[in-house]
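J.: First, the structure itself, so that you have it in front of you.
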Amino acid sequence: ALKMFRKEETLAMRNKLIGKSCRLFYSDDPVKIVKAKGQYLYDENGQQYLDCISNVQHVGHCHPSVTQAATAQMELLNANARFLHDNIVQYANRLAATLPDKLSVFYFVNSGSEANDLALRLAHEYTKHEDIIVLDHAYHGHLTSLIDISPYKFRKLTGQKEWVHVAPLPDTYRGVYREDHPDPAQAYADTVKDVIDKVQLKGRKVGAFFAESLPSVGGQILLPKGYSTKVAEYVHSAGGVFVADEVQTGFGRVGSHFWAFQLQGEDFCPDIVTMGKPMGNGHPLACLVTTVEIAGAFTANGVEYFNTFGGNPVSCAIGLAVLDVIEKEDLRGNASRVGAYLVDLLKQLQTNHPIIGDVRGVGLFVGLELVTDKEQRTPATDGAAQVVRRLKDKRICVSTDGPWENVIKFKPPMCFRMEDAKQVEKQLCCTPAHHRISHRTVMYPATTAH
């Protein structure tokens, strides 16, 4: 067995050995987690925490069906994916059954970042165009190529490249076009058309429009229905392709559909879809799926593509087990029922607490946006941080997102229950900071929008 250090020793060793930019949750007073099961985490003292953060452990921490599948395949074979094996084709076939017919060619990799980097390569190869359009505040991964198309990152680093163009985030709570607009989907889609026009005026050509199907880092945003369909029309007319990043949102998290892009309607189908985080329930497994035509252009360049670990037998056995659990345990249905219940509880809180500016979500993808002023919608950044700390004290793990870190996000394992949602609401309601906030919103300094 591996040696178990005291928490203080572990933290001291981490501070010495691990890069400081690799930050921990609750960095002021980290929680040391040594065990997990389902939607619960356990620290070194056996204290149980409700996990509202881990969307990666999609079907629940340490699910026995997944761990058994991994162990059984690892004991039999794990080899380079260039050897012929059943698991990769069985897994691709199962995934294909969840997707529109035209998305039929798969490339397996190890992380969402790898999948999105490969999507850039395929888009460039197929269209022969360089320029990429992304949404404001987007994050698509940590590789250099993806930092370049992630405003969330590049604005803090080297800045915007000339081949990258940023369209407004379709946020109907805080954006240019809000909930009172008669057709926000069309209005926001037209902002993408404006970007395309400006690109073409410069003599440049659009290769791809890249967007999360539900922007997560942007603040748990729900795209107006019809937006993606219209954007795809504009992008295709310009000779580009539509890339849907499902790394955070795929595999039934939205409940009603297997993929979040399907919320846009049956008439919408991306040209490339990337997927990652939940695929392996914590095992590194990711994928890109595209059309025969786009894959053909990638093959035609004559350069072989292989990925040493991508699609290996163990990874695919795990992926197949995850799909089985989603189906057998009706986790999509659970996401719909529990997610709707959680949103309803949070909206009830909103009526009594002025700090809650907006509650939004679909399935188990939920955001609670905190503000210091409901009229001005001033982000309550400090207030959100304080609520996160208070919930941690109550042994509930949440975190924040959004450009101003004022959106408390809920993306728990899909086995999250009604009782768990009620526990969150109960602790939010009785958190001392929350009561004070509700009576004196001015206790937090306003954060200037930018």
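Ordered as shown in the structure tokens, chains take letters A, B, and onward, while each chain numbers its residues from 1 and ligands are numbered from 1 in the order shown.
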DSSP says alpha helix (DSSP H) for which residues of segment 47-233 of chain A? Put them as a PyMOL selection string?
T.: chain A and resi 64-76+86-96+112-127+144-147+151-154+184-201+227-233
J.: Contacts between segment 394-404 of chain A and segment 6-38 of chain A, please, where a residue of segment 6-38 of chain A counts if it comes within 10 Å (with only C-alpha atoms); show its shortest atom pair and distance in Å to one decimal, rows by chain and ascending number, as a tab-separated table.
T.:
residue	atom	partner	partner_atom	distance
A:Phe25	CA	A:Ser399	CA	8.1
A:Tyr26	CA	A:Ser399	CA	9.1
A:Val31	CA	A:Cys397	CA	9.7
J.: Mind dumping the selected residues with C-alpha atoms as a PDB file, in the first residue's frame?
T.:
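Below is the file result37.pdb, written as the result:
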ATOM      1  CA  PHE A  25      -9.754  23.769  -4.690  1.00  0.00           C
ATOM      2  CA  TYR A  26     -10.010  25.833  -1.497  1.00  0.00           C
ATOM      3  CA  VAL A  31      -9.625  19.462   1.592  1.00  0.00           C
TER       4      VAL A  31
END
J.: Looking at A:Asp86, A:Asp43, A:Asp382, A:Glu425, which one is nearest to Leu349 of chain A, with distances taken over only C-alpha atoms?
T.: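 Among the listed residues, the smallest separation from Leu349 of chain A belongs to A:Glu425.
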J.: For a quick check of understanding, using only C-alpha atoms, which of A:Val206, A:Arg332, A:Lys225, A:Arg23 has the smallest distance to Asp183 of chain A?
T.: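 Smallest distance to Asp183 of chain A is found for A:Lys225.
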J.: Go through A:Val231, A:Cys415, A:Val105, A:Ala260 and flag the residue nearest Lys37 of chain A, using only C-alpha atoms for the distances.
T.: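 Going through A:Val231, A:Cys415, A:Val105, A:Ala260 one by one, the smallest distance to Lys37 of chain A is for A:Cys415.
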J.: Can you list, as a PDB file with C-alpha atoms, in the first residue's frame, every protein, DNA or RNA residue that comes within 12 Å of Thr144 of chain A when you count only C-alpha atoms, leaving out same-chain residues fewer than 2 positions away?
T.:
ATOM      1  CA  SER A 113      -7.622  19.438 -25.151  1.00  0.00           C
ATOM      2  CA  GLU A 114      -6.259  16.807 -27.547  1.00  0.00           C
ATOM      3  CA  ASN A 116     -10.051  20.215 -29.680  1.00  0.00           C
ATOM      4  CA  ASP A 117      -6.515  20.543 -31.036  1.00  0.00           C
ATOM      5  CA  LEU A 120      -8.490  22.617 -35.424  1.00  0.00           C
ATOM      6  CA  HIS A 140     -11.281  25.082 -25.083  1.00  0.00           C
ATOM      7  CA  GLY A 141      -8.163  23.609 -23.474  1.00  0.00           C
ATOM      8  CA  HIS A 142      -4.641  24.123 -22.230  1.00  0.00           C
ATOM      9  CA  LEU A 146      -6.234  26.169 -27.713  1.00  0.00           C
ATOM     10  CA  ILE A 147      -5.017  28.992 -25.500  1.00  0.00           C
ATOM     11  CA  ASP A 148      -4.952  30.930 -28.789  1.00  0.00           C
ATOM     12  CA  ILE A 149      -8.709  30.341 -29.289  1.00  0.00           C
ATOM     13  CA  SER A 150      -9.713  30.735 -25.618  1.00  0.00           C
ATOM     14  CA  LYS A 153      -6.931  32.481 -21.231  1.00  0.00           C
ATOM     15  CA  PHE A 154      -5.347  34.531 -24.005  1.00  0.00           C
ATOM     16  CA  LEU A 157      -1.400  36.005 -21.576  1.00  0.00           C
ATOM     17  CA  THR A 158      -0.155  36.916 -25.050  1.00  0.00           C
ATOM     18  CA  LYS A 161      -3.906  36.402 -32.607  1.00  0.00           C
TER      19      LYS A 161
END
J.: For His137 of chain A, which residue out of A:Ala123, A:Val343, A:Leu2, A:Leu169 is the nearest one, using only C-alpha atoms?
T.: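 With only C-alpha atoms as the atom set, the closest residue is A:Leu169.
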J.: Which residues come within 12 Å of Cys316 of chain A, counting only C-alpha atoms, excluding same-chain residues fewer than 2 positions away, as a count of residues only?
T.: 43
J.: Which residues come within 12 Å of Asn45 of chain A, counting only C-alpha atoms, excluding same-chain residues fewer than 5 positions away, as a list of chain:residue names?
T.: A:Arg6, A:Lys7, A:Val31, A:Lys32, A:Ile33, A:Val34, A:Lys35
